[in-house]
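J.: Sharing coords-v4.cif, mmCIF, C-alpha atoms and all ligand atoms; chains and numbers go by the auth columns:
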data_model
loop_
_atom_site.group_PDB
_atom_site.id
_atom_site.type_symbol
_atom_site.label_atom_id
_atom_site.label_comp_id
_atom_site.label_asym_id
_atom_site.label_seq_id
_atom_site.Cartn_x
_atom_site.Cartn_y
_atom_site.Cartn_z
_atom_site.B_iso_or_equiv
_atom_site.auth_seq_id
_atom_site.auth_asym_id
ATOM 1 C CA MET A 1 36.900 25.135 31.995 0.00 1 A
ATOM 2 C CA LYS A 2 37.954 23.360 28.829 0.00 2 A
ATOM 3 C CA ILE A 3 35.535 22.870 25.932 0.00 3 A
ATOM 4 C CA SER A 4 35.315 19.716 23.861 0.00 4 A
ATOM 5 C CA VAL A 5 33.129 19.932 20.753 0.00 5 A
ATOM 6 C CA SER A 6 31.008 16.918 19.717 0.00 6 A
ATOM 7 C CA PHE A 7 30.127 16.770 16.019 0.00 7 A
ATOM 8 C CA LEU A 8 27.454 14.071 16.377 0.00 8 A
ATOM 9 C CA LYS A 9 24.626 16.460 15.517 0.00 9 A
ATOM 10 C CA SER A 10 25.572 19.189 13.089 0.00 10 A
ATOM 11 C CA ASN A 11 24.016 21.303 10.359 0.00 11 A
ATOM 12 C CA TYR A 12 27.046 20.601 8.171 0.00 12 A
ATOM 13 C CA ASP A 13 28.639 17.433 6.781 0.00 13 A
ATOM 14 C CA LYS A 14 31.400 15.860 8.826 0.00 14 A
ATOM 15 C CA LEU A 15 34.367 17.300 6.943 0.00 15 A
ATOM 16 C CA GLU A 16 32.887 20.806 6.942 0.00 16 A
ATOM 17 C CA THR A 17 32.034 20.487 10.654 0.00 17 A
ATOM 18 C CA ILE A 18 35.561 19.413 11.562 0.00 18 A
ATOM 19 C CA LYS A 19 36.954 22.274 9.471 0.00 19 A
ATOM 20 C CA LYS A 20 34.738 24.749 11.314 0.00 20 A
ATOM 21 C CA ILE A 21 35.781 23.291 14.699 0.00 21 A
ATOM 22 C CA ASN A 22 39.466 23.536 13.681 0.00 22 A
ATOM 23 C CA ASN A 23 38.942 27.276 13.169 0.00 23 A
ATOM 24 C CA THR A 24 37.762 27.887 16.745 0.00 24 A
ATOM 25 C CA ASP A 25 39.737 28.123 19.981 0.00 25 A
ATOM 26 C CA CYS A 26 38.065 25.054 21.527 0.00 26 A
ATOM 27 C CA ASP A 27 40.308 22.675 23.462 0.00 27 A
ATOM 28 C CA TYR A 28 39.280 19.252 22.084 0.00 28 A
ATOM 29 C CA ILE A 29 37.170 17.480 19.505 0.00 29 A
ATOM 30 C CA HIS A 30 34.880 14.968 21.218 0.00 30 A
ATOM 31 C CA VAL A 31 34.462 11.853 19.083 0.00 31 A
ATOM 32 C CA ASP A 32 31.263 9.870 19.778 0.00 32 A
ATOM 33 C CA VAL A 33 31.668 6.246 18.726 0.00 33 A
ATOM 34 C CA MET A 34 28.591 3.978 18.851 0.00 34 A
ATOM 35 C CA ASP A 35 28.181 0.278 18.049 0.00 35 A
ATOM 36 C CA ASN A 36 24.369 -0.172 18.021 0.00 36 A
ATOM 37 C CA ILE A 37 24.800 -2.664 20.909 0.00 37 A
ATOM 38 C CA PHE A 38 25.736 -0.597 23.954 0.00 38 A
ATOM 39 C CA VAL A 39 23.535 2.197 22.578 0.00 39 A
ATOM 40 C CA ASN A 40 20.813 2.156 19.913 0.00 40 A
ATOM 41 C CA ASN A 41 22.800 4.018 17.359 0.00 41 A
ATOM 42 C CA TYR A 42 25.704 3.309 15.069 0.00 42 A
ATOM 43 C CA THR A 43 28.536 5.520 13.857 0.00 43 A
ATOM 44 C CA GLU A 44 30.249 4.847 10.571 0.00 44 A
ATOM 45 C CA ASP A 45 34.059 4.672 10.586 0.00 45 A
ATOM 46 C CA LEU A 46 35.049 8.200 11.639 0.00 46 A
ATOM 47 C CA ILE A 47 38.799 7.729 11.382 0.00 47 A
ATOM 48 C CA PRO A 48 39.096 8.935 7.743 0.00 48 A
ATOM 49 C CA TYR A 49 37.408 12.229 8.719 0.00 49 A
ATOM 50 C CA LEU A 50 39.578 12.720 11.767 0.00 50 A
ATOM 51 C CA ASN A 51 42.813 12.820 9.820 0.00 51 A
ATOM 52 C CA SER A 52 41.993 16.452 9.002 0.00 52 A
ATOM 53 C CA CYS A 53 41.466 17.312 12.646 0.00 53 A
ATOM 54 C CA LYS A 54 43.806 19.886 14.184 0.00 54 A
ATOM 55 C CA LYS A 55 42.561 19.647 17.781 0.00 55 A
ATOM 56 C CA PRO A 56 43.461 17.020 20.404 0.00 56 A
ATOM 57 C CA LEU A 57 40.946 14.171 20.431 0.00 57 A
ATOM 58 C CA ASP A 58 38.710 13.196 23.329 0.00 58 A
ATOM 59 C CA VAL A 59 37.231 9.859 22.194 0.00 59 A
ATOM 60 C CA HIS A 60 34.031 8.573 23.843 0.00 60 A
ATOM 61 C CA LEU A 61 33.559 4.857 23.175 0.00 61 A
ATOM 62 C CA MET A 62 29.866 4.018 23.637 0.00 62 A
ATOM 63 C CA VAL A 63 30.552 0.403 22.700 0.00 63 A
ATOM 64 C CA GLN A 64 30.122 -2.942 24.464 0.00 64 A
ATOM 65 C CA ASP A 65 33.497 -4.310 23.376 0.00 65 A
ATOM 66 C CA PRO A 66 36.041 -1.451 23.256 0.00 66 A
ATOM 67 C CA LEU A 67 39.247 -3.396 22.576 0.00 67 A
ATOM 68 C CA GLU A 68 39.095 -3.331 18.770 0.00 68 A
ATOM 69 C CA TYR A 69 38.184 0.389 18.864 0.00 69 A
ATOM 70 C CA ILE A 70 41.077 1.154 21.226 0.00 70 A
ATOM 71 C CA LEU A 71 43.439 -0.531 18.783 0.00 71 A
ATOM 72 C CA ALA A 72 41.931 1.319 15.802 0.00 72 A
ATOM 73 C CA TYR A 73 41.923 4.757 17.456 0.00 73 A
ATOM 74 C CA LYS A 74 45.442 4.504 18.859 0.00 74 A
ATOM 75 C CA ASN A 75 46.836 5.398 15.433 0.00 75 A
ATOM 76 C CA LEU A 76 45.248 8.855 15.665 0.00 76 A
ATOM 77 C CA LYS A 77 47.124 9.467 18.931 0.00 77 A
ATOM 78 C CA PRO A 78 44.097 10.734 20.876 0.00 78 A
ATOM 79 C CA GLU A 79 44.694 12.495 24.172 0.00 79 A
ATOM 80 C CA TYR A 80 41.842 10.608 25.886 0.00 80 A
ATOM 81 C CA LEU A 81 40.126 7.282 25.253 0.00 81 A
ATOM 82 C CA THR A 82 37.045 6.846 27.427 0.00 82 A
ATOM 83 C CA ILE A 83 35.160 3.590 27.985 0.00 83 A
ATOM 84 C CA HIS A 84 31.818 3.068 29.746 0.00 84 A
ATOM 85 C CA LEU A 85 31.686 1.565 33.231 0.00 85 A
ATOM 86 C CA GLU A 86 28.442 -0.289 32.409 0.00 86 A
ATOM 87 C CA ILE A 87 29.941 -2.685 29.831 0.00 87 A
ATOM 88 C CA ASP A 88 30.334 -6.336 30.829 0.00 88 A
ATOM 89 C CA LYS A 89 34.083 -6.388 30.201 0.00 89 A
ATOM 90 C CA ASP A 90 37.209 -6.279 32.388 0.00 90 A
ATOM 91 C CA ILE A 91 37.487 -2.518 33.032 0.00 91 A
ATOM 92 C CA SER A 92 40.949 -2.658 34.643 0.00 92 A
ATOM 93 C CA PHE A 93 42.348 -4.639 31.716 0.00 93 A
ATOM 94 C CA LEU A 94 40.977 -2.072 29.239 0.00 94 A
ATOM 95 C CA LEU A 95 42.261 0.925 31.235 0.00 95 A
ATOM 96 C CA ASN A 96 45.716 -0.649 31.401 0.00 96 A
ATOM 97 C CA LYS A 97 45.605 -1.361 27.685 0.00 97 A
ATOM 98 C CA ILE A 98 44.817 2.304 26.925 0.00 98 A
ATOM 99 C CA LYS A 99 47.584 3.525 29.226 0.00 99 A
ATOM 100 C CA SER A 100 50.104 1.045 27.799 0.00 100 A
ATOM 101 C CA LEU A 101 49.575 2.792 24.441 0.00 101 A
ATOM 102 C CA GLY A 102 50.567 6.139 25.959 0.00 102 A
ATOM 103 C CA ILE A 103 46.987 7.458 25.931 0.00 103 A
ATOM 104 C CA LYS A 104 45.101 8.937 28.890 0.00 104 A
ATOM 105 C CA ALA A 105 42.290 6.679 30.111 0.00 105 A
ATOM 106 C CA GLY A 106 38.767 7.758 31.039 0.00 106 A
ATOM 107 C CA ILE A 107 35.589 6.165 32.350 0.00 107 A
ATOM 108 C CA ALA A 108 32.101 7.365 31.358 0.00 108 A
ATOM 109 C CA LEU A 109 29.125 6.977 33.669 0.00 109 A
ATOM 110 C CA ASN A 110 25.497 6.765 32.535 0.00 110 A
ATOM 111 C CA PRO A 111 22.925 8.961 34.327 0.00 111 A
ATOM 112 C CA GLN A 112 21.530 6.036 36.358 0.00 112 A
ATOM 113 C CA THR A 113 24.928 4.632 37.445 0.00 113 A
ATOM 114 C CA PRO A 114 26.004 5.720 40.947 0.00 114 A
ATOM 115 C CA ILE A 115 29.443 7.168 41.699 0.00 115 A
ATOM 116 C CA ASP A 116 30.121 4.341 44.172 0.00 116 A
ATOM 117 C CA LYS A 117 30.708 1.934 41.288 0.00 117 A
ATOM 118 C CA LEU A 118 33.539 4.164 40.062 0.00 118 A
ATOM 119 C CA LYS A 119 35.430 4.243 43.337 0.00 119 A
ATOM 120 C CA PRO A 120 37.746 1.256 42.704 0.00 120 A
ATOM 121 C CA TYR A 121 39.079 2.967 39.554 0.00 121 A
ATOM 122 C CA LEU A 122 39.326 6.614 40.613 0.00 122 A
ATOM 123 C CA LYS A 123 42.957 6.490 41.663 0.00 123 A
ATOM 124 C CA ASP A 124 44.034 5.149 38.266 0.00 124 A
ATOM 125 C CA ILE A 125 42.121 7.217 35.733 0.00 125 A
ATOM 126 C CA ASP A 126 42.804 10.499 33.960 0.00 126 A
ATOM 127 C CA LEU A 127 39.212 11.488 33.227 0.00 127 A
ATOM 128 C CA VAL A 128 35.656 10.862 34.399 0.00 128 A
ATOM 129 C CA LEU A 129 32.937 11.568 31.847 0.00 129 A
ATOM 130 C CA ILE A 130 29.640 12.224 33.581 0.00 130 A
ATOM 131 C CA MET A 131 26.734 11.704 31.195 0.00 131 A
ATOM 132 C CA SER A 132 24.081 14.383 31.586 0.00 132 A
ATOM 133 C CA VAL A 133 21.839 12.673 28.982 0.00 133 A
ATOM 134 C CA GLN A 134 21.268 9.020 28.045 0.00 134 A
ATOM 135 C CA PRO A 135 24.111 8.141 25.667 0.00 135 A
ATOM 136 C CA GLY A 136 23.296 7.559 22.022 0.00 136 A
ATOM 137 C CA LEU A 137 21.844 10.787 20.654 0.00 137 A
ATOM 138 C CA GLY A 138 22.811 14.434 20.314 0.00 138 A
ATOM 139 C CA GLY A 139 20.430 17.278 21.071 0.00 139 A
ATOM 140 C CA GLN A 140 18.824 15.884 24.248 0.00 140 A
ATOM 141 C CA LYS A 141 17.798 17.792 27.367 0.00 141 A
ATOM 142 C CA PHE A 142 20.331 18.234 30.181 0.00 142 A
ATOM 143 C CA MET A 143 19.640 16.128 33.316 0.00 143 A
ATOM 144 C CA PRO A 144 20.411 18.163 36.475 0.00 144 A
ATOM 145 C CA SER A 145 20.958 14.931 38.467 0.00 145 A
ATOM 146 C CA CYS A 146 24.531 14.969 37.111 0.00 146 A
ATOM 147 C CA LEU A 147 25.360 17.992 39.287 0.00 147 A
ATOM 148 C CA GLU A 148 25.463 16.037 42.561 0.00 148 A
ATOM 149 C CA LYS A 149 27.761 13.488 40.937 0.00 149 A
ATOM 150 C CA ILE A 150 30.124 16.225 39.784 0.00 150 A
ATOM 151 C CA LYS A 151 30.209 17.711 43.297 0.00 151 A
ATOM 152 C CA SER A 152 30.967 14.271 44.821 0.00 152 A
ATOM 153 C CA LEU A 153 33.782 13.739 42.344 0.00 153 A
ATOM 154 C CA VAL A 154 35.277 17.139 43.188 0.00 154 A
ATOM 155 C CA GLU A 155 35.207 16.250 46.906 0.00 155 A
ATOM 156 C CA LEU A 156 36.723 12.805 46.375 0.00 156 A
ATOM 157 C CA LYS A 157 39.433 14.305 44.186 0.00 157 A
ATOM 158 C CA GLU A 158 40.407 16.938 46.749 0.00 158 A
ATOM 159 C CA LYS A 159 40.279 14.515 49.673 0.00 159 A
ATOM 160 C CA ASN A 160 42.403 11.822 48.032 0.00 160 A
ATOM 161 C CA ASN A 161 44.614 13.883 45.762 0.00 161 A
ATOM 162 C CA TYR A 162 43.337 12.137 42.647 0.00 162 A
ATOM 163 C CA LYS A 163 44.385 13.473 39.267 0.00 163 A
ATOM 164 C CA TYR A 164 41.336 12.842 37.034 0.00 164 A
ATOM 165 C CA LEU A 165 39.630 15.642 35.136 0.00 165 A
ATOM 166 C CA ILE A 166 35.863 15.854 35.474 0.00 166 A
ATOM 167 C CA ASN A 167 34.078 16.148 32.139 0.00 167 A
ATOM 168 C CA VAL A 168 30.331 16.364 31.513 0.00 168 A
ATOM 169 C CA ASP A 169 28.548 15.312 28.319 0.00 169 A
ATOM 170 C CA GLY A 170 25.075 16.081 26.995 0.00 170 A
ATOM 171 C CA GLY A 171 22.678 19.006 26.740 0.00 171 A
ATOM 172 C CA ILE A 172 25.270 21.691 27.466 0.00 172 A
ATOM 173 C CA ASN A 173 24.245 25.147 26.252 0.00 173 A
ATOM 174 C CA ASP A 174 24.657 28.749 27.439 0.00 174 A
ATOM 175 C CA ILE A 175 22.126 28.131 30.257 0.00 175 A
ATOM 176 C CA THR A 176 23.109 24.667 31.562 0.00 176 A
ATOM 177 C CA VAL A 177 26.817 25.498 31.388 0.00 177 A
ATOM 178 C CA LYS A 178 26.342 27.832 34.364 0.00 178 A
ATOM 179 C CA ASP A 179 25.302 24.940 36.619 0.00 179 A
ATOM 180 C CA VAL A 180 28.176 22.663 35.630 0.00 180 A
ATOM 181 C CA LYS A 181 30.627 25.531 36.103 0.00 181 A
ATOM 182 C CA THR A 182 29.263 26.150 39.587 0.00 182 A
ATOM 183 C CA ALA A 183 29.679 22.425 40.320 0.00 183 A
ATOM 184 C CA GLN A 184 33.360 22.928 39.336 0.00 184 A
ATOM 185 C CA VAL A 185 33.601 20.723 36.308 0.00 185 A
ATOM 186 C CA ASP A 186 37.002 20.824 34.511 0.00 186 A
ATOM 187 C CA MET A 187 35.697 20.289 31.003 0.00 187 A
ATOM 188 C CA CYS A 188 32.375 20.164 29.170 0.00 188 A
ATOM 189 C CA VAL A 189 31.296 18.532 25.929 0.00 189 A
ATOM 190 C CA SER A 190 28.935 20.535 23.765 0.00 190 A
ATOM 191 C CA GLY A 191 27.549 19.373 20.440 0.00 191 A
ATOM 192 C CA SER A 192 24.349 20.690 18.924 0.00 192 A
ATOM 193 C CA PHE A 193 24.602 24.059 20.694 0.00 193 A
ATOM 194 C CA ILE A 194 27.779 24.702 18.701 0.00 194 A
ATOM 195 C CA CYS A 195 27.399 22.671 15.498 0.00 195 A
ATOM 196 C CA GLN A 196 23.832 23.693 14.725 0.00 196 A
ATOM 197 C CA ALA A 197 24.836 27.340 14.632 0.00 197 A
ATOM 198 C CA GLU A 198 26.502 29.247 11.837 0.00 198 A
ATOM 199 C CA ASP A 199 29.255 30.845 13.908 0.00 199 A
ATOM 200 C CA PHE A 200 30.872 28.132 16.068 0.00 200 A
ATOM 201 C CA GLN A 201 33.240 30.550 17.818 0.00 201 A
ATOM 202 C CA LYS A 202 30.351 32.746 18.899 0.00 202 A
ATOM 203 C CA GLN A 203 28.697 29.748 20.620 0.00 203 A
ATOM 204 C CA ILE A 204 31.977 28.778 22.300 0.00 204 A
ATOM 205 C CA ASN A 205 32.347 32.336 23.580 0.00 205 A
ATOM 206 C CA LEU A 206 28.838 32.095 25.052 0.00 206 A
ATOM 207 C CA LEU A 207 29.841 28.922 26.924 0.00 207 A
ATOM 208 C CA LYS A 208 32.992 30.561 28.228 0.00 208 A
HETATM 209 C C1 LIG B . 25.482 11.575 23.581 0.00 301 A
HETATM 210 C C2 LIG B . 26.866 11.973 23.193 0.00 301 A
HETATM 211 C C3 LIG B . 27.155 13.419 23.391 0.00 301 A
HETATM 212 C C4 LIG B . 26.241 14.342 22.658 0.00 301 A
HETATM 213 C C5 LIG B . 26.567 15.775 22.899 0.00 301 A
HETATM 214 O O1 LIG B . 25.362 10.209 23.356 0.00 301 A
HETATM 215 O O2 LIG B . 27.804 11.251 23.954 0.00 301 A
HETATM 216 O O3 LIG B . 28.521 13.686 23.116 0.00 301 A
HETATM 217 O O4 LIG B . 26.215 14.085 21.305 0.00 301 A
HETATM 218 O O5 LIG B . 25.714 16.530 22.094 0.00 301 A
HETATM 219 P P1 LIG B . 24.701 17.623 22.674 0.00 301 A
HETATM 220 O O6 LIG B . 25.556 18.745 23.177 0.00 301 A
HETATM 221 O O7 LIG B . 23.877 17.961 21.501 0.00 301 A
HETATM 222 O O8 LIG B . 23.920 16.965 23.790 0.00 301 A
HETATM 223 ZN ZN ZN B . 29.893 11.884 23.982 0.00 302 A
#
I'd like the structure from this file rewritten - as structure tokens, please.
Ligand code: DX5
Ligand code: ZN
T.:
Amino acid sequence: MKISVSFLKSNYDKLETIKKINNTDCDYIHVDVMDNIFVNNYTEDLIPYLNSCKKPLDVHLMVQDPLEYILAYKNLKPEYLTIHLEIDKDISFLLNKIKSLGIKAGIALNPQTPIDKLKPYLKDIDLVLIMSVQPGLGGQKFMPSCLEKIKSLVELKEKNNYKYLINVDGGINDITVKDVKTAQVDMCVSGSFICQAEDFQKQINLLK
């Protein structure tokens, strides 16, 4: 299971947090981008901080209108750009846009959104991000309802030979990680469990 570290909620300032993440063996940095429209929270421009990042980027766009963000983030050459299924925009157009830039495309799903709505896109995407909290804030409690969704996605993937990775985001710590591992997730995002500790690597080892 790969680990992607979110720096949304940290005991350290952004540059120090990214430096500490760089010094671990985590697989990705998870970048939470919020517009105060799709979610009730706003992130300042993170791009200047991310220039010092030495890990591949897994960018989570919690925004109603992702196009301008896709165009801004493409310069950082992220590995994944993930948009939300719940936005009122043309999802296929946005996925194709991301892929045309040579970036892997993901779809994120809020806790209340059923897997069925994802089905038309599953054959074309590289990543599914299952939200295990309501998007918008770090440090929330893990919602076990995500586990059934993960299991369904594993089944659909095996049955149809799909290529997407299954990622889970929110409330992952040394306890909840056991359940998502059992559900056979490929990757997990963890934020406050890692970035509110002194020794980031020690927390990552606990997740592993
Ligand atoms: C929630 C974000 C998550 C979150 C993860 O809106 O998408 O990435 O910050 O942080 P923890 O691990 O603290 O839930
Ligand atoms: Zn996130």
J.: Quick one: residues within 6 Å of ligand ZN 302 (chain A), with only C-alpha atoms and all ligand atoms, as a count of residues only?
T.: 3
J.: Can you tell me how far atom C3 of ligand LIG 301 (chain A) sits from CA of Lys74 in chain A, in Å to one decimal?
T.: 20.8 Å
J.: Neighbouring residues of ligand LIG 301 (chain A) are defined here as those with any atom at most 8 Å from a ligand atom, counting only C-alpha atoms and all ligand atoms; list them as a PyMOL selection string.
T.: chain A and resi 6-9+30-32+60+62+131+133-142+169-173+189-194
J.: Hey, what comes out of the PyMOL selection byres (((chain A and resi 58) around 10) and not hetatm) on this file? Could you write it as a list in words?
T.: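 That expression, the PyMOL selection byres (((chain A and resi 58) around 10) and not hetatm), corresponds here to Ser4, Val5, Ser6, Asp27, Tyr28, Ile29, His30, Val31, Asp32, Lys55, Pro56, Leu57, Val59, His60, Leu61, Pro78, Glu79, Tyr80, Leu81, Thr82, Lys104, Gly106 and Val189 of chain A.
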J.: With C-alpha atoms retained, export the selected residues as an mmCIF file, in the coordinates of the input.
T.:
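Output file again_37.cif is given in full below:
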data_model
loop_
_atom_site.group_PDB
_atom_site.id
_atom_site.type_symbol
_atom_site.label_atom_id
_atom_site.label_comp_id
_atom_site.auth_asym_id
_atom_site.auth_seq_id
_atom_site.Cartn_x
_atom_site.Cartn_y
_atom_site.Cartn_z
ATOM 1 C CA SER A 4 35.315 19.716 23.861
ATOM 2 C CA VAL A 5 33.129 19.932 20.753
ATOM 3 C CA SER A 6 31.008 16.918 19.717
ATOM 4 C CA ASP A 27 40.308 22.675 23.462
ATOM 5 C CA TYR A 28 39.280 19.252 22.084
ATOM 6 C CA ILE A 29 37.170 17.480 19.505
ATOM 7 C CA HIS A 30 34.880 14.968 21.218
ATOM 8 C CA VAL A 31 34.462 11.853 19.083
ATOM 9 C CA ASP A 32 31.263 9.870 19.778
ATOM 10 C CA LYS A 55 42.561 19.647 17.781
ATOM 11 C CA PRO A 56 43.461 17.020 20.404
ATOM 12 C CA LEU A 57 40.946 14.171 20.431
ATOM 13 C CA VAL A 59 37.231 9.859 22.194
ATOM 14 C CA HIS A 60 34.031 8.573 23.843
ATOM 15 C CA LEU A 61 33.559 4.857 23.175
ATOM 16 C CA PRO A 78 44.097 10.734 20.876
ATOM 17 C CA GLU A 79 44.694 12.495 24.172
ATOM 18 C CA TYR A 80 41.842 10.608 25.886
ATOM 19 C CA LEU A 81 40.126 7.282 25.253
ATOM 20 C CA THR A 82 37.045 6.846 27.427
ATOM 21 C CA LYS A 104 45.101 8.937 28.890
ATOM 22 C CA GLY A 106 38.767 7.758 31.039
ATOM 23 C CA VAL A 189 31.296 18.532 25.929
#
J.: From the set A:Ile115, A:Cys188, A:Val128, A:Leu109, which residue has the shortest atom-to-atom contact distance to Lys149 in chain A, counting all atoms listed in the file?
T.: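 When distances to Lys149 in chain A are compared using all atoms listed in the file, the smallest one comes from A:Ile115.
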J.: Do you have the CA of Lys117 in chain A-CA of Met187 in chain A distance handy?
T.: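 Here the two named atoms are 21.6 Å from each other.
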